[in-house]
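Have a look at work-v7.txt below; it lists compact mmCIF, C-alpha atoms.
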# COMPACT_ATOMS: atom_id res chain seq x y z
CA MET K 23 -12.13 28.96 76.93
CA PHE K 24 -13.87 27.87 73.75
CA GLU K 25 -12.67 29.70 70.64
CA ARG K 26 -14.95 31.35 68.10
CA GLY K 27 -15.08 30.87 64.35
CA GLY K 28 -13.58 28.24 62.08
CA LYS K 29 -14.99 25.05 60.62
CA ALA K 30 -17.08 22.71 62.73
CA LEU K 31 -18.24 19.19 61.90
CA LEU K 32 -21.18 17.44 63.54
CA LEU K 33 -20.95 13.70 62.96
CA MET K 34 -24.22 11.77 63.41
CA GLY K 35 -24.90 8.08 63.18
CA CYS K 36 -28.19 6.26 63.55
CA PRO K 37 -30.92 8.56 64.93
CA GLU K 38 -32.34 5.84 67.18
CA VAL K 39 -32.22 8.03 70.32
CA PRO K 40 -34.56 11.04 70.09
CA VAL K 41 -32.27 13.63 71.71
CA GLN K 42 -29.79 13.48 68.82
CA THR K 43 -31.86 15.59 66.41
CA SER K 44 -32.68 18.40 68.84
CA LEU K 45 -29.11 18.59 70.13
CA ALA K 46 -27.73 18.72 66.60
CA LEU K 47 -30.02 21.63 65.68
CA TYR K 48 -29.13 23.36 68.96
CA LEU K 49 -25.42 22.95 68.22
CA CYS K 50 -25.87 24.28 64.69
CA SER K 51 -27.58 27.34 66.10
CA ARG K 52 -25.00 28.04 68.81
CA LEU K 53 -21.98 27.43 66.61
CA ARG K 54 -23.29 29.56 63.74
CA ARG K 55 -24.06 32.35 66.23
CA ASP K 56 -20.41 32.18 67.31
CA GLY K 57 -19.20 32.51 63.71
CA TRP K 58 -18.51 28.86 62.88
CA GLU K 59 -19.10 27.30 59.46
CA VAL K 60 -21.05 24.14 60.33
CA LEU K 61 -21.16 20.93 58.31
CA VAL K 62 -23.41 18.12 59.47
CA ALA K 63 -22.43 14.67 58.25
CA GLY K 64 -24.67 11.76 59.02
CA THR K 65 -26.59 8.75 57.90
CA GLY K 66 -29.45 9.28 55.49
CA ALA K 67 -32.03 8.93 58.26
CA ALA K 68 -30.22 11.34 60.61
CA LEU K 69 -29.96 13.98 57.89
CA LYS K 70 -33.58 13.52 56.82
CA LEU K 71 -34.79 14.12 60.41
CA LEU K 72 -32.81 17.38 60.53
CA GLU K 73 -34.04 18.52 57.12
CA VAL K 74 -37.68 17.86 58.05
CA ALA K 75 -37.26 19.64 61.40
CA ASP K 76 -35.62 22.68 59.77
CA PRO K 77 -37.04 22.87 56.21
CA GLU K 78 -36.05 26.50 55.67
CA ARG K 79 -32.58 25.82 57.07
CA HIS K 80 -32.60 28.46 59.76
CA TYR K 81 -30.12 26.36 61.76
CA LEU K 82 -28.96 23.66 59.40
CA SER K 83 -26.61 24.71 56.64
CA GLU K 84 -24.38 22.27 54.77
CA THR K 85 -24.98 18.52 55.03
CA MET K 86 -23.13 15.50 53.72
CA ASN K 87 -23.34 11.73 53.81
CA LEU K 88 -21.27 10.33 56.68
CA ASP K 89 -19.21 7.95 54.53
CA ASP K 90 -18.44 10.69 51.98
CA CYS K 91 -17.29 12.96 54.80
CA ILE K 92 -14.89 10.35 56.13
CA ALA K 93 -13.55 9.63 52.64
CA LYS K 94 -12.97 13.33 51.89
CA THR K 95 -11.24 13.80 55.23
CA VAL K 96 -8.96 10.81 54.61
CA GLU K 97 -8.12 12.14 51.13
CA GLY K 98 -7.32 15.58 52.55
CA GLU K 99 -10.10 17.25 50.56
CA MET K 100 -11.80 18.44 53.72
CA THR K 101 -10.58 19.72 57.08
CA PHE K 102 -12.27 21.14 60.16
CA ASP K 103 -11.19 22.64 63.47
CA ILE K 104 -13.65 20.99 65.83
CA CYS K 105 -15.86 17.93 65.60
CA PHE K 106 -18.83 16.87 67.71
CA VAL K 107 -19.40 13.13 67.43
CA PHE K 108 -22.84 11.95 68.56
CA MET K 109 -22.51 8.59 70.36
CA HIS K 110 -25.18 6.32 71.79
CA ASN K 111 -23.67 2.95 70.85
CA ASP K 112 -20.40 1.25 69.88
CA ALA K 113 -20.72 2.45 66.27
CA GLY K 114 -20.67 6.07 67.45
CA VAL K 115 -17.49 5.40 69.42
CA THR K 116 -15.97 3.82 66.31
CA TYR K 117 -16.83 6.92 64.26
CA GLY K 118 -15.19 9.06 66.94
CA ALA K 119 -12.03 6.94 66.90
CA THR K 120 -11.97 7.10 63.11
CA ILE K 121 -12.23 10.89 63.05
CA ARG K 122 -9.58 11.14 65.76
CA SER K 123 -7.20 9.05 63.64
CA ILE K 124 -7.72 11.00 60.38
CA SER K 125 -8.07 14.55 61.66
CA SER K 126 -6.22 16.95 63.93
CA ALA K 127 -9.50 18.62 64.95
CA ARG K 128 -10.50 18.99 68.56
CA ILE K 129 -12.99 16.18 69.19
CA TYR K 130 -16.03 16.40 71.47
CA ALA K 131 -17.74 13.08 72.23
CA LEU K 132 -21.44 13.71 72.92
CA ILE K 133 -22.50 10.53 74.68
CA TYR K 134 -26.17 9.93 75.48
CA GLY K 135 -28.72 7.20 75.92
CA ARG K 136 -29.44 4.79 78.74
CA GLY K 137 -25.91 3.36 78.68
CA ALA K 138 -24.09 6.71 78.44
CA ASP K 139 -21.86 6.16 81.49
CA GLU K 140 -20.77 2.70 80.35
CA LEU K 141 -20.16 3.93 76.81
CA ALA K 142 -18.03 6.81 78.07
CA GLU K 143 -15.79 4.33 79.87
CA ILE K 144 -14.77 2.54 76.66
CA ILE K 145 -13.48 5.66 74.88
CA ASP K 146 -9.72 5.24 74.57
CA PHE K 147 -8.84 8.12 72.25
CA ASP K 148 -8.14 11.78 72.94
CA CYS K 149 -11.35 13.80 73.11
CA GLU K 150 -13.48 15.96 75.37
CA THR K 151 -16.18 13.67 76.78
CA ILE K 152 -19.64 15.12 77.44
CA ALA K 153 -22.02 12.43 78.70
CA ALA K 154 -25.52 12.22 80.17
CA LYS K 155 -28.22 9.54 80.40
CA ALA K 156 -30.44 11.48 78.02
CA VAL K 157 -32.89 9.56 75.84
CA HIS K 158 -36.05 11.63 75.33
CA ASN K 159 -35.12 14.77 77.28
CA PRO K 160 -32.10 16.63 75.85
CA ALA K 161 -31.81 19.00 78.86
CA PRO K 162 -29.22 17.00 80.87
CA LEU K 163 -26.82 16.69 77.93
CA LYS K 164 -27.47 20.27 76.81
CA ALA K 165 -26.58 21.52 80.29
CA ARG K 166 -23.29 19.62 80.26
CA LEU K 167 -22.54 20.78 76.72
CA ASP K 168 -23.25 24.41 77.65
CA LYS K 169 -20.91 24.16 80.62
CA VAL K 170 -18.04 22.68 78.60
CA MET K 171 -18.51 25.19 75.77
CA GLY K 172 -18.81 28.18 78.09
CA TRP K 173 -22.42 28.83 77.01
CA ALA K 174 -23.94 28.29 80.45
CA ALA K 175 -25.57 31.40 81.94
Now that the file is in, can you turn its structure into structure tokens?
Amino acid sequence: MFERGGKALLLMGCPEVPVQTSLALYLCSRLRRDGWEVLVAGTGAALKLLEVADPERHYLSETMNLDDCIAKTVEGEMTFDICFVFMHNDAGVTYGATIRSISSARIYALIYGRGADELAEIIDFDCETIAAKAVHNPAPLKARLDKVMGWAA
């Protein structure tokens, strides 16, 4: 069963696939409701999309540049209990492998896009894989995420 509370990190790369932004805001909402402190680290474009979508920060709380987050984690200045890594290309998988190697957090690989199944096959590090061929419609990946997290009705 999924635990409640602690520190959660959402790690977002390029926002090329539309479902990333809505799923990130959804995760922020669900995690905060369950008592988690949520930090979203991402590229400038990924963070800007979230900030524009949630200008009053009802769901989004703390944000940080992706590279700064990795540097602070490597230096031991920052820790977290769980991490959701958004992956739609090889770079996302690389970020996931990097976080796995520098953190003891439980890692969730959120894999989406047209090549989600193929991308899931190349993951060779310890993580919980949640994959769906979701590009414009976040519902398939949300349903899988809800099931894994115990949020499904």
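One distance worth recording is that between CA of Leu71 in chain K and CA of Gly27 in chain K, which is 26.2 Å.
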Any idea what the distance is between CA of Pro37 in chain K and CA of Ala156 in chain K?
13.4 Å
CA of Leu72 in chain K to CA of Tyr48 in chain K, distance in Å rounded to a single decimal:
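Distance reported for this atom pair: 11.0 Å.
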What are the closest atom pairs, with distances in Å to one decimal, for all residues of range 124-154 of chain K lying within 12 Å of range 90-100 of chain K? Consider only C-alpha atoms, order rows by chain and residue number, and present the result as a Markdown table.
| residue | atom | partner | partner_atom | distance |
| --- | --- | --- | --- | --- |
| K:Ile124 | CA | K:Val96 | CA | 5.9 |
| K:Ser125 | CA | K:Thr95 | CA | 7.2 |
| K:Ser126 | CA | K:Thr95 | CA | 10.5 |
| K:Ala127 | CA | K:Thr95 | CA | 11.0 |
Excluding Asn87 in chain K and any residue of its chain fewer than 5 positions from it, enumerate the residues within 10 Å of it, using all atoms listed in the file, and give them as a list in words.
Leu33, Met34, Val62, Ala63, Gly64, Thr65, Gly66, Ala68, Leu69 and Ile92 of chain K
Those same residues - C-alpha atoms - I'd like them written as a compact mmCIF listing (two decimals), in the frame of the given file.
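What ended up in selection_16.txt:
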# COMPACT_ATOMS: atom_id res chain seq x y z
CA LEU K 33 -20.95 13.70 62.96
CA MET K 34 -24.22 11.77 63.41
CA VAL K 62 -23.41 18.12 59.47
CA ALA K 63 -22.43 14.67 58.25
CA GLY K 64 -24.67 11.76 59.02
CA THR K 65 -26.59 8.75 57.90
CA GLY K 66 -29.45 9.28 55.49
CA ALA K 68 -30.22 11.34 60.61
CA LEU K 69 -29.96 13.98 57.89
CA ILE K 92 -14.89 10.35 56.13
List as a PyMOL selection string the protein and nucleic acid residues near range 141-155 of chain K, meaning an atom at most 8 Å away when only C-alpha atoms are counted, but skip any in the same chain fewer than 6 places from it.
chain K and resi 110-112+115+119+122+128-135+162-163+166-167+170
Between K:Leu32, K:Leu53, K:Val74, K:Cys105, smallest distance to Trp173 in chain K by all atoms listed in the file belongs to K:Leu53
Tell me, as an NGL selection string, which residues lie within 7 Å of Leu47 in chain K, counting only C-alpha atoms; anything in the same chain fewer than 4 positions away does not count.
:K and (43 or 51 or 81-82)
Take the residues just selected and output them with C-alpha atoms as an mmCIF file, keeping the file's coordinate frame.
data_model
loop_
_atom_site.group_PDB
_atom_site.id
_atom_site.type_symbol
_atom_site.label_atom_id
_atom_site.label_comp_id
_atom_site.auth_asym_id
_atom_site.auth_seq_id
_atom_site.Cartn_x
_atom_site.Cartn_y
_atom_site.Cartn_z
ATOM 1 C CA THR K 43 -31.860 15.590 66.410
ATOM 2 C CA SER K 51 -27.580 27.340 66.100
ATOM 3 C CA TYR K 81 -30.120 26.360 61.760
ATOM 4 C CA LEU K 82 -28.960 23.660 59.400
#
Among listed residues K:Glu38, K:Asp139, K:Asp103, K:Asp168, nearest Ala67 in chain K (using only C-alpha atoms):
K:Glu38
Report as a list of chain:residue names all protein, DNA and RNA residues lying within 9 Å of Val157 in chain K, evaluated on all atoms listed in the file, omitting residues in the same chain fewer than 4 positions from it.
K:Val39, K:Pro40, K:Val41, K:Gln42, K:Tyr134, K:Gly135, K:Arg136
Given all atoms listed in the file as the basis, pick out the residue of K:His80, K:His158, K:Lys169, K:Lys164 nearest to Arg55 in chain K.
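Among the listed residues, the smallest separation from Arg55 in chain K belongs to K:His80.
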